[in-house]
file protein.cif (mmCIF, C-alpha atoms)
data_start
#
loop_
_atom_site.group_PDB
_atom_site.id
_atom_site.type_symbol
_atom_site.label_atom_id
_atom_site.label_comp_id
_atom_site.auth_asym_id
_atom_site.auth_seq_id
_atom_site.Cartn_x
_atom_site.Cartn_y
_atom_site.Cartn_z
ATOM 1 C CA MET I 1 -33.593 61.337 49.423
ATOM 2 C CA ARG I 2 -31.238 63.135 47.022
ATOM 3 C CA VAL I 3 -29.574 64.916 49.937
ATOM 4 C CA ARG I 4 -29.262 61.562 51.678
ATOM 5 C CA GLN I 5 -27.543 60.162 48.589
ATOM 6 C CA LEU I 6 -25.146 63.117 48.585
ATOM 7 C CA LEU I 7 -24.087 62.170 52.115
ATOM 8 C CA ILE I 8 -23.544 58.534 51.158
ATOM 9 C CA ASP I 9 -21.593 59.464 48.022
ATOM 10 C CA SER I 10 -19.409 62.011 49.828
ATOM 11 C CA TYR I 11 -18.352 59.413 52.397
ATOM 12 C CA THR I 12 -17.473 57.011 49.580
ATOM 13 C CA ARG I 13 -15.346 59.702 47.920
ATOM 14 C CA MET I 14 -13.616 60.900 51.099
ATOM 15 C CA GLY I 15 -13.365 57.646 53.038
ATOM 16 C CA ARG I 16 -14.360 59.448 56.239
ATOM 17 C CA GLU I 17 -17.111 61.537 57.786
ATOM 18 C CA PHE I 18 -17.037 64.732 55.767
ATOM 19 C CA ASN I 19 -20.674 65.791 55.808
ATOM 20 C CA TRP I 20 -23.411 64.619 58.135
ATOM 21 C CA GLU I 21 -23.869 60.880 58.403
ATOM 22 C CA THR I 22 -27.197 59.618 57.080
ATOM 23 C CA ARG I 23 -28.625 59.169 60.611
ATOM 24 C CA ARG I 24 -28.216 62.840 61.390
ATOM 25 C CA TRP I 25 -29.929 63.918 58.187
ATOM 26 C CA GLU I 26 -32.742 61.423 58.618
ATOM 27 C CA GLY I 27 -33.276 62.572 62.185
ATOM 28 C CA TRP I 28 -33.393 66.219 61.108
ATOM 29 C CA TYR I 29 -35.831 65.565 58.285
ATOM 30 C CA TRP I 30 -38.107 62.831 59.616
ATOM 31 C CA THR I 31 -38.375 63.598 63.354
ATOM 32 C CA ILE I 32 -41.448 65.786 62.928
ATOM 33 C CA THR I 33 -44.996 66.225 64.140
ATOM 34 C CA ASP I 34 -47.982 64.879 62.254
ATOM 35 C CA ALA I 35 -48.855 68.397 61.089
ATOM 36 C CA GLU I 36 -45.328 68.936 59.756
ATOM 37 C CA ARG I 37 -45.379 65.542 58.079
ATOM 38 C CA ASP I 38 -48.417 66.527 56.020
ATOM 39 C CA THR I 39 -47.174 69.907 54.801
ATOM 40 C CA PRO I 40 -45.616 70.266 51.335
ATOM 41 C CA MET I 41 -43.194 72.801 52.834
ATOM 42 C CA ARG I 42 -41.484 70.166 55.016
ATOM 43 C CA GLY I 43 -37.719 70.609 54.888
ATOM 44 C CA SER I 44 -37.974 73.999 53.202
ATOM 45 C CA GLN I 45 -35.629 75.545 55.792
ATOM 46 C CA ALA I 46 -32.782 73.867 53.907
ATOM 47 C CA HIS I 47 -31.488 75.415 50.680
ATOM 48 C CA ILE I 48 -29.895 73.326 47.932
ATOM 49 C CA TRP I 49 -27.498 73.898 45.054
ATOM 50 C CA GLU I 50 -28.042 71.529 42.148
ATOM 51 C CA THR I 51 -27.199 70.967 38.498
ATOM 52 C CA ALA I 52 -29.720 71.395 35.709
ATOM 53 C CA GLU I 53 -30.041 67.621 35.694
ATOM 54 C CA GLY I 54 -31.020 67.572 39.367
ATOM 55 C CA GLN I 55 -27.788 66.381 40.993
ATOM 56 C CA ILE I 56 -27.436 68.036 44.384
ATOM 57 C CA LEU I 57 -23.974 69.517 44.858
ATOM 58 C CA GLY I 58 -24.462 71.289 48.168
ATOM 59 C CA ALA I 59 -26.963 72.254 50.822
ATOM 60 C CA ALA I 60 -27.318 74.766 53.654
ATOM 61 C CA VAL I 61 -29.123 73.130 56.559
ATOM 62 C CA PRO I 62 -30.137 75.120 59.667
ATOM 63 C CA GLU I 63 -29.994 72.527 62.424
ATOM 64 C CA GLU I 64 -31.089 75.254 64.841
ATOM 65 C CA PRO I 65 -31.793 78.987 64.347
ATOM 66 C CA GLY I 66 -28.529 80.651 63.378
ATOM 67 C CA ASP I 67 -26.681 77.313 63.201
ATOM 68 C CA LEU I 68 -25.575 76.379 59.673
ATOM 69 C CA SER I 69 -24.433 72.931 58.603
ATOM 70 C CA ILE I 70 -22.772 72.836 55.190
ATOM 71 C CA LEU I 71 -23.339 69.672 53.157
ATOM 72 C CA ILE I 72 -21.173 69.635 50.055
ATOM 73 C CA HIS I 73 -20.005 67.337 47.263
ATOM 74 C CA PRO I 74 -16.229 66.927 47.657
ATOM 75 C CA ASP I 75 -15.631 67.925 44.008
ATOM 76 C CA TYR I 76 -17.540 71.229 44.335
ATOM 77 C CA ARG I 77 -16.120 72.773 47.465
ATOM 78 C CA ALA I 78 -15.912 76.205 45.832
ATOM 79 C CA LEU I 79 -19.703 76.326 46.256
ATOM 80 C CA GLU I 80 -19.107 76.815 49.983
ATOM 81 C CA GLU I 81 -18.489 80.491 49.154
ATOM 82 C CA ASP I 82 -22.039 80.811 47.821
ATOM 83 C CA ILE I 83 -23.460 78.762 50.684
ATOM 84 C CA LEU I 84 -21.841 81.001 53.306
ATOM 85 C CA THR I 85 -22.970 84.186 51.548
ATOM 86 C CA TRP I 86 -26.536 82.875 51.257
ATOM 87 C CA ALA I 87 -26.575 81.742 54.895
ATOM 88 C CA GLU I 88 -25.335 85.121 56.146
ATOM 89 C CA ASP I 89 -28.301 86.719 54.390
ATOM 90 C CA HIS I 90 -30.953 84.129 55.283
ATOM 91 C CA LEU I 91 -29.973 82.100 58.356
ATOM 92 C CA ALA I 92 -28.212 84.520 60.690
ATOM 93 C CA VAL I 93 -30.082 85.486 63.864
ATOM 94 C CA THR I 94 -30.016 88.688 65.896
ATOM 95 C CA HIS I 95 -27.385 88.595 68.639
ATOM 96 C CA GLU I 96 -28.104 89.985 72.102
ATOM 97 C CA THR I 97 -25.994 93.026 71.177
ATOM 98 C CA GLY I 98 -28.302 93.768 68.264
ATOM 99 C CA GLN I 99 -25.766 92.431 65.777
ATOM 100 C CA ARG I 100 -26.301 89.452 63.524
ATOM 101 C CA GLN I 101 -24.790 86.071 64.408
ATOM 102 C CA LEU I 102 -24.176 82.915 62.407
ATOM 103 C CA ARG I 103 -22.509 79.684 63.492
ATOM 104 C CA THR I 104 -21.123 76.892 61.339
ATOM 105 C CA TRP I 105 -18.705 73.979 61.749
ATOM 106 C CA ALA I 106 -15.356 72.670 60.500
ATOM 107 C CA PHE I 107 -13.299 69.551 61.208
ATOM 108 C CA ASP I 108 -9.796 70.026 62.590
ATOM 109 C CA TRP I 109 -8.319 68.404 59.466
ATOM 110 C CA ASP I 110 -10.338 70.550 57.041
ATOM 111 C CA THR I 111 -7.942 73.461 56.441
ATOM 112 C CA ASP I 112 -9.796 74.349 53.240
ATOM 113 C CA ARG I 113 -12.967 75.209 55.119
ATOM 114 C CA GLN I 114 -11.103 76.818 57.986
ATOM 115 C CA ASP I 115 -9.352 79.207 55.558
ATOM 116 C CA ARG I 116 -12.651 79.982 53.857
ATOM 117 C CA LEU I 117 -14.363 80.727 57.171
ATOM 118 C CA ARG I 118 -11.567 83.087 58.201
ATOM 119 C CA ARG I 119 -11.952 84.978 54.936
ATOM 120 C CA HIS I 120 -15.662 85.347 55.679
ATOM 121 C CA GLY I 121 -14.953 86.710 59.163
ATOM 122 C CA PHE I 122 -15.691 83.607 61.230
ATOM 123 C CA VAL I 123 -13.698 82.846 64.375
ATOM 124 C CA ALA I 124 -13.173 79.382 65.832
ATOM 125 C CA ASN I 125 -14.864 78.731 69.186
ATOM 126 C CA SER I 126 -12.827 75.849 70.599
ATOM 127 C CA SER I 127 -15.035 75.570 73.696
ATOM 128 C CA ASP I 128 -17.892 74.254 71.525
ATOM 129 C CA CYS I 129 -16.975 71.084 69.686
ATOM 130 C CA PHE I 130 -17.845 67.476 68.996
ATOM 131 C CA GLN I 131 -15.373 64.641 69.340
ATOM 132 C CA HIS I 132 -15.786 62.052 66.603
ATOM 133 C CA ARG I 133 -14.897 58.513 67.615
ATOM 134 C CA ARG I 134 -14.810 55.104 65.971
ATOM 135 C CA ARG I 135 -13.971 51.449 66.493
ATOM 136 C CA LEU I 136 -13.884 48.395 64.295
ATOM 137 C CA ALA I 137 -17.216 46.622 64.244
ATOM 138 C CA SER I 138 -15.406 43.295 64.539
ATOM 139 C CA ASP I 139 -13.593 44.177 67.771
ATOM 140 C CA PRO I 140 -14.836 41.984 70.627
ATOM 141 C CA VAL I 141 -17.182 43.415 73.240
ATOM 142 C CA ASP I 142 -17.306 42.556 76.915
ATOM 143 C CA ASP I 143 -20.170 40.961 78.762
ATOM 144 C CA VAL I 144 -21.522 43.626 81.090
ATOM 145 C CA PRO I 145 -23.546 42.236 84.001
ATOM 146 C CA LEU I 146 -26.813 44.076 84.521
ATOM 147 C CA PRO I 147 -28.040 45.104 87.962
ATOM 148 C CA GLU I 148 -30.703 42.864 89.405
ATOM 149 C CA GLY I 149 -34.096 43.388 87.809
ATOM 150 C CA TYR I 150 -32.800 45.129 84.659
ATOM 151 C CA SER I 151 -32.909 43.597 81.173
ATOM 152 C CA LEU I 152 -31.980 44.427 77.573
ATOM 153 C CA ARG I 153 -34.145 44.205 74.484
ATOM 154 C CA SER I 154 -34.736 45.909 71.159
ATOM 155 C CA ILE I 155 -37.634 48.292 70.718
ATOM 156 C CA THR I 156 -40.820 47.337 68.923
ATOM 157 C CA ALA I 157 -43.230 49.205 66.666
ATOM 158 C CA THR I 158 -45.758 49.777 69.450
ATOM 159 C CA ASN I 159 -47.181 52.951 70.924
ATOM 160 C CA GLU I 160 -45.972 51.834 74.359
ATOM 161 C CA ASP I 161 -42.363 51.618 73.162
ATOM 162 C CA VAL I 162 -42.589 54.934 71.320
ATOM 163 C CA GLU I 163 -43.831 56.646 74.474
ATOM 164 C CA GLY I 164 -41.266 54.873 76.627
ATOM 165 C CA TRP I 165 -38.414 55.860 74.308
ATOM 166 C CA VAL I 166 -39.479 59.517 74.149
ATOM 167 C CA THR I 167 -40.012 59.723 77.914
ATOM 168 C CA CYS I 168 -36.523 58.362 78.532
ATOM 169 C CA THR I 169 -34.709 60.427 75.893
ATOM 170 C CA ASN I 170 -36.502 63.625 76.907
ATOM 171 C CA ALA I 171 -35.470 63.112 80.540
ATOM 172 C CA THR I 172 -31.905 62.318 79.494
ATOM 173 C CA PHE I 173 -31.337 65.247 77.132
ATOM 174 C CA GLY I 174 -33.791 67.821 78.457
ATOM 175 C CA GLN I 175 -35.852 67.684 75.271
ATOM 176 C CA THR I 176 -39.579 68.096 74.705
ATOM 177 C CA TYR I 177 -40.139 65.723 71.790
ATOM 178 C CA LEU I 178 -43.655 64.375 71.261
ATOM 179 C CA PRO I 179 -44.227 60.646 70.793
ATOM 180 C CA GLU I 180 -45.589 61.288 67.301
ATOM 181 C CA MET I 181 -42.258 62.849 66.294
ATOM 182 C CA HIS I 182 -40.342 59.691 67.139
ATOM 183 C CA ARG I 183 -42.997 57.454 65.615
ATOM 184 C CA ASN I 184 -42.766 59.372 62.335
ATOM 185 C CA PHE I 185 -38.972 59.010 62.372
ATOM 186 C CA GLN I 186 -39.281 55.259 62.919
ATOM 187 C CA VAL I 187 -41.833 54.827 60.148
ATOM 188 C CA ASP I 188 -40.350 57.139 57.513
ATOM 189 C CA SER I 189 -36.578 57.055 58.069
ATOM 190 C CA PRO I 190 -35.168 54.646 55.454
ATOM 191 C CA SER I 191 -32.287 53.511 57.686
ATOM 192 C CA HIS I 192 -34.200 52.930 60.914
ATOM 193 C CA ASN I 193 -33.916 49.383 62.248
ATOM 194 C CA TYR I 194 -35.947 48.394 65.317
ATOM 195 C CA ASP I 195 -33.631 45.474 66.105
ATOM 196 C CA LEU I 196 -30.597 47.780 66.354
ATOM 197 C CA HIS I 197 -32.222 50.179 68.831
ATOM 198 C CA ILE I 198 -31.549 48.669 72.241
ATOM 199 C CA VAL I 199 -33.097 49.688 75.551
ATOM 200 C CA ALA I 200 -32.292 48.738 79.109
ATOM 201 C CA VAL I 201 -35.572 48.095 80.899
ATOM 202 C CA ALA I 202 -35.827 48.924 84.610
ATOM 203 C CA PRO I 203 -37.517 46.626 87.140
ATOM 204 C CA ASP I 204 -40.679 48.726 86.937
ATOM 205 C CA GLY I 205 -40.881 48.266 83.149
ATOM 206 C CA THR I 206 -39.803 51.791 82.185
ATOM 207 C CA PHE I 207 -36.853 52.471 79.894
ATOM 208 C CA ALA I 208 -33.675 53.269 81.808
ATOM 209 C CA ALA I 209 -31.086 53.583 79.006
ATOM 210 C CA PHE I 210 -30.903 53.384 75.232
ATOM 211 C CA ALA I 211 -28.496 53.014 72.319
ATOM 212 C CA GLY I 212 -29.579 53.281 68.691
ATOM 213 C CA LEU I 213 -27.547 52.085 65.705
ATOM 214 C CA THR I 214 -28.051 53.140 62.081
ATOM 215 C CA VAL I 215 -26.240 51.437 59.187
ATOM 216 C CA ASP I 216 -25.004 52.876 55.886
ATOM 217 C CA ASP I 217 -24.878 49.692 53.820
ATOM 218 C CA THR I 218 -23.085 51.342 50.894
ATOM 219 C CA ASN I 219 -20.093 52.354 52.989
ATOM 220 C CA ARG I 220 -20.410 49.567 55.569
ATOM 221 C CA THR I 221 -20.480 52.012 58.464
ATOM 222 C CA ALA I 222 -22.732 52.216 61.507
ATOM 223 C CA THR I 223 -23.480 55.199 63.738
ATOM 224 C CA PHE I 224 -24.579 55.254 67.358
ATOM 225 C CA GLU I 225 -27.274 57.902 67.855
ATOM 226 C CA PRO I 226 -28.686 58.451 70.384
ATOM 227 C CA VAL I 227 -27.006 56.980 73.465
ATOM 228 C CA GLY I 228 -27.927 57.869 77.022
ATOM 229 C CA THR I 229 -29.217 56.917 80.447
ATOM 230 C CA HIS I 230 -32.192 58.288 82.346
ATOM 231 C CA PRO I 231 -30.991 60.446 85.284
ATOM 232 C CA ASP I 232 -32.617 58.049 87.770
ATOM 233 C CA HIS I 233 -30.595 55.054 86.529
ATOM 234 C CA ARG I 234 -27.067 56.303 85.952
ATOM 235 C CA ARG I 235 -23.793 54.734 87.147
ATOM 236 C CA LYS I 236 -25.090 51.213 86.608
ATOM 237 C CA GLY I 237 -23.373 50.389 83.288
ATOM 238 C CA LEU I 238 -26.685 50.374 81.403
ATOM 239 C CA ALA I 239 -25.704 52.510 78.393
ATOM 240 C CA ARG I 240 -22.493 50.517 78.000
ATOM 241 C CA ALA I 241 -24.458 47.265 78.063
ATOM 242 C CA ALA I 242 -26.940 48.595 75.480
ATOM 243 C CA MET I 243 -24.122 49.692 73.155
ATOM 244 C CA TYR I 244 -22.380 46.340 73.446
ATOM 245 C CA GLU I 245 -25.611 44.518 72.678
ATOM 246 C CA GLY I 246 -26.067 46.694 69.592
ATOM 247 C CA ILE I 247 -22.528 45.907 68.418
ATOM 248 C CA ARG I 248 -23.090 42.179 68.926
ATOM 249 C CA ARG I 249 -26.205 42.351 66.759
ATOM 250 C CA LEU I 250 -24.298 44.359 64.172
ATOM 251 C CA GLN I 251 -21.568 41.713 64.115
ATOM 252 C CA ALA I 252 -24.178 38.992 63.584
ATOM 253 C CA LEU I 253 -25.590 40.890 60.606
ATOM 254 C CA GLY I 254 -22.130 41.450 59.072
ATOM 255 C CA ARG I 255 -23.213 44.747 57.517
ATOM 256 C CA ALA I 256 -20.589 47.180 58.865
ATOM 257 C CA ASP I 257 -16.827 47.422 59.238
ATOM 258 C CA VAL I 258 -16.626 50.592 61.359
ATOM 259 C CA VAL I 259 -18.826 51.968 64.145
ATOM 260 C CA TYR I 260 -18.959 55.724 64.773
ATOM 261 C CA VAL I 261 -20.158 57.973 67.561
ATOM 262 C CA ALA I 262 -19.895 61.714 68.156
ATOM 263 C CA ASN I 263 -20.006 63.283 71.605
ATOM 264 C CA TRP I 264 -20.179 66.853 72.772
ATOM 265 C CA GLY I 265 -16.647 67.815 73.774
ATOM 266 C CA THR I 266 -16.850 67.037 77.468
ATOM 267 C CA ALA I 267 -14.208 65.086 79.347
ATOM 268 C CA GLU I 268 -16.805 62.820 80.974
ATOM 269 C CA ALA I 269 -18.438 61.800 77.704
ATOM 270 C CA GLY I 270 -15.051 61.274 76.074
ATOM 271 C CA GLN I 271 -13.898 59.033 78.892
ATOM 272 C CA PHE I 272 -17.084 56.963 78.660
ATOM 273 C CA TYR I 273 -16.719 56.298 74.932
ATOM 274 C CA ALA I 274 -12.971 55.731 75.161
ATOM 275 C CA ALA I 275 -13.589 53.072 77.806
ATOM 276 C CA ILE I 276 -15.682 51.065 75.336
ATOM 277 C CA GLY I 277 -13.080 51.244 72.584
ATOM 278 C CA MET I 278 -14.270 54.315 70.660
ATOM 279 C CA ALA I 279 -11.029 56.074 69.726
ATOM 280 C CA HIS I 280 -11.024 59.806 69.010
ATOM 281 C CA TYR I 281 -10.005 60.583 65.430
ATOM 282 C CA ALA I 282 -11.379 64.049 64.609
ATOM 283 C CA THR I 283 -12.836 67.149 66.272
ATOM 284 C CA LEU I 284 -15.656 69.204 64.773
ATOM 285 C CA THR I 285 -15.391 72.779 66.043
ATOM 286 C CA ALA I 286 -17.891 75.644 65.992
ATOM 287 C CA TRP I 287 -16.999 78.819 64.092
ATOM 288 C CA ASP I 288 -18.933 82.014 64.846
ATOM 289 C CA LYS I 289 -19.435 85.267 62.994
ATOM 290 C CA ILE I 290 -20.962 88.383 64.533
ATOM 291 C CA PHE I 291 -21.630 91.199 62.067
#

call {"tool": "encode", "arguments": {"input": "protein.cif", "output": "structure tokens"}}
result
Amino acid sequence: MRVRQLLIDSYTRMGREFNWETRRWEGWYWTITDAERDTPMRGSQAHIWETAEGQILGAAVPEEPGDLSILIHPDYRALEEDILTWAEDHLAVTHETGQRQLRTWAFDWDTDRQDRLRRHGFVANSSDCFQHRRRLASDPVDDVPLPEGYSLRSITATNEDVEGWVTCTNATFGQTYLPEMHRNFQVDSPSHNYDLHIVAVAPDGTFAAFAGLTVDDTNRTATFEPVGTHPDHRRKGLARAAMYEGIRRLQALGRADVVYVANWGTAEAGQFYAAIGMAHYATLTAWDKIF
């Protein structure tokens, strides 16, 4: 929860996405199996830098093996030197050449981090990036007609919906999540809201598309994650309809001014989000070091 507060506070200070948004952190920490949920070592892959009073100033988070995300208080950016040095020693993985490899990330506007990464021997990999997009929450949304037999609704706290969600997201993203992992995220994640997680239901009752929204009430921002359509139901406008329904519910709540989404840097994904009013404003690029 202290790391989560660091993310909220850093957005307040910077006025933009600078670290992870809370949804990404909550997904990383709370999407776990029952066995992982019960272990006192949960989350121990991350390493934190803190004051004697317990204020977290920075963290090294391995989202995947060899993939470092730097979370840092904007006033203590010099700590990134220590974070990179620690990560090179503890998080790097063995490359296929037998050398060590470490990946981390920097926004296109963040020249401070880019300069620091160059000094540490990292090289930008422009082919691997995320496009960050946003729109005003108050902007109007279109009515998207659904194909015959399809409907929209929010998810519920039932085992059937947990299994349906995981089946659909696994098929969409090629994942192997267990239903218990998603259930634990729903139950434990402090920002999760069932009413803001919309699914398109196919005629046979299975989930065909999904769009989840998470709100940071302090900064009045909302983040779409995840968004997708089952491979058997694509090209029907279902994900667009689910996102629009989520935005309409967000507007009714009046809790957010800006809605964010991040997509892997593909032209197709960018065109989809641009078509629903999500304007590109920053690119997060991978930086690699082989040593």

call {"tool": "atom_distance", "arguments": {"input": "protein.cif", "atom1": "CA of Leu117 (chain I)", "atom2": "CA of Phe224 (chain I)"}}
result
29.3 Å

call {"tool": "resolve_selection", "arguments": {"input": "protein.cif", "expression": "the PyMOL selection byres ((chain I and resi 158) around 12)", "output": "list of chain:residue names"}}
result
I:Ser154, I:Ile155, I:Thr156, I:Ala157, I:Asn159, I:Glu160, I:Asp161, I:Val162, I:Glu163, I:Gly164, I:Trp165, I:Pro179, I:Glu180, I:His182, I:Arg183, I:Gln186, I:Val187, I:Tyr194

call {"tool": "closest_residue", "arguments": {"input": "protein.cif", "among": "I:Thr94, I:Thr39, I:Asn125, I:Gln271", "to": "Asp288 (chain I)", "atoms": "only C-alpha atoms"}}
result
I:Asn125

call {"tool": "residues_around", "arguments": {"input": "protein.cif", "residues": "region 47-62 of chain I", "least_positions_apart": "2", "cutoff": "10 Å", "atoms": "only C-alpha atoms", "output": "VMD selection string"}}
result
chain I and resid 2 to 7 25 28 43 to 45 64 to 77 79 to 80 82 to 84 86 to 87 90 to 92 103 to 104

call {"tool": "resolve_selection", "arguments": {"input": "protein.cif", "expression": "the PyMOL selection byres ((chain I and resi 33) around 9)", "output": "list of chain:residue names"}}
result
I:Trp30, I:Thr31, I:Ile32, I:Asp34, I:Ala35, I:Glu36, I:Arg37, I:Asp38, I:Leu178, I:Pro179, I:Glu180, I:Met181, I:His182, I:Asn184

call {"tool": "axis_aligned_box", "arguments": {"input": "protein.cif", "around": "region 128-131 of chain I", "padding_each_side": "5 Å", "output": "lines of an AutoDock Vina configuration file"}}
result
center_x = -16.6
center_y = 69.4
center_z = 70.3
size_x = 12.5
size_y = 19.6
size_z = 12.5

call {"tool": "closest_atom_pairs", "arguments": {"input": "protein.cif", "of": "region 120-172 of chain I", "to": "region 216-222 of chain I", "cutoff": "12 Å", "atoms": "all atoms listed in the file", "output": "JSON lines"}}
result
{"residue": "I:Arg133", "atom": "CA", "partner": "I:Ala222", "partner_atom": "CA", "distance": 11.8}
{"residue": "I:Arg134", "atom": "CA", "partner": "I:Ala222", "partner_atom": "CA", "distance": 9.5}
{"residue": "I:Arg135", "atom": "CA", "partner": "I:Ala222", "partner_atom": "CA", "distance": 10.1}
{"residue": "I:Leu136", "atom": "CA", "partner": "I:Thr221", "partner_atom": "CA", "distance": 9.5}
{"residue": "I:Ala137", "atom": "CA", "partner": "I:Ala222", "partner_atom": "CA", "distance": 8.3}
{"residue": "I:Ser138", "atom": "CA", "partner": "I:Thr221", "partner_atom": "CA", "distance": 11.8}

call {"tool": "closest_residue", "arguments": {"input": "protein.cif", "among": "I:Gly174, I:Ala239, I:Asn19, I:Asp257", "to": "Ala106 (chain I)", "atoms": "all atoms listed in the file"}}
result
I:Asn19

call {"tool": "residues_around", "arguments": {"input": "protein.cif", "residues": "Gly237 (chain I)", "least_positions_apart": "2", "cutoff": "12 Å", "atoms": "all atoms listed in the file", "output": "list in words"}}
result
Asp142, Asp143, Val144, Pro145, Leu146, Pro147, Tyr150, Ser151, Leu152, Ala200, Ala208, Ala209, Phe210, Gly228, Thr229, His230, His233, Arg234, Arg235, Ala239, Arg240, Ala241, Ala242, Met243, Tyr244, Phe272, Ala275 and Ile276 of chain I

call {"tool": "residues_around", "arguments": {"input": "protein.cif", "residues": "Gly98 (chain I)", "least_positions_apart": "5", "cutoff": "12 Å", "atoms": "all atoms listed in the file", "output": "ChimeraX atom specification"}}
result
/I:92-93,290-291

call {"tool": "resolve_selection", "arguments": {"input": "protein.cif", "expression": "the PyMOL selection byres ((chain I and resi 124) around 7)", "output": "number ranges by chain"}}
result
I: 122-123, 125-126, 285-288

call {"tool": "atom_distance", "arguments": {"input": "protein.cif", "atom1": "CA of Phe185 (chain I)", "atom2": "CA of Val166 (chain I)"}}
result
11.8 Å

call {"tool": "atom_distance", "arguments": {"input": "protein.cif", "atom1": "CA of His95 (chain I)", "atom2": "CA of Ser127 (chain I)"}}
result
18.6 Å

call {"tool": "residues_near_point", "arguments": {"input": "protein.cif", "point": "(-19.8, 39.8, 65.7)", "cutoff": "10 Å", "atoms": "all atoms listed in the file", "output": "list in words"}}
result
Ala137, Ser138, Asp139, Pro140, Val141, Ile247, Arg248, Arg249, Leu250, Gln251, Ala252, Leu253 and Gly254 of chain I

call {"tool": "closest_residue", "arguments": {"input": "protein.cif", "among": "I:Gly212, I:Gly121, I:Gly27, I:Gly205", "to": "Asp188 (chain I)", "atoms": "only C-alpha atoms"}}
result
I:Gly27

call {"tool": "closest_residue", "arguments": {"input": "protein.cif", "among": "I:Val258, I:Val227, I:Leu213, I:Leu284", "to": "His132 (chain I)", "atoms": "only C-alpha atoms"}}
result
I:Leu284

call {"tool": "closest_residue", "arguments": {"input": "protein.cif", "among": "I:Arg16, I:Ser191, I:Arg23, I:Thr223", "to": "Ala256 (chain I)", "atoms": "all atoms listed in the file"}}
result
I:Thr223

call {"tool": "closest_residue", "arguments": {"input": "protein.cif", "among": "I:Thr206, I:Asn193, I:Gln131, I:Thr214", "to": "Cys168 (chain I)", "atoms": "all atoms listed in the file"}}
result
I:Thr206
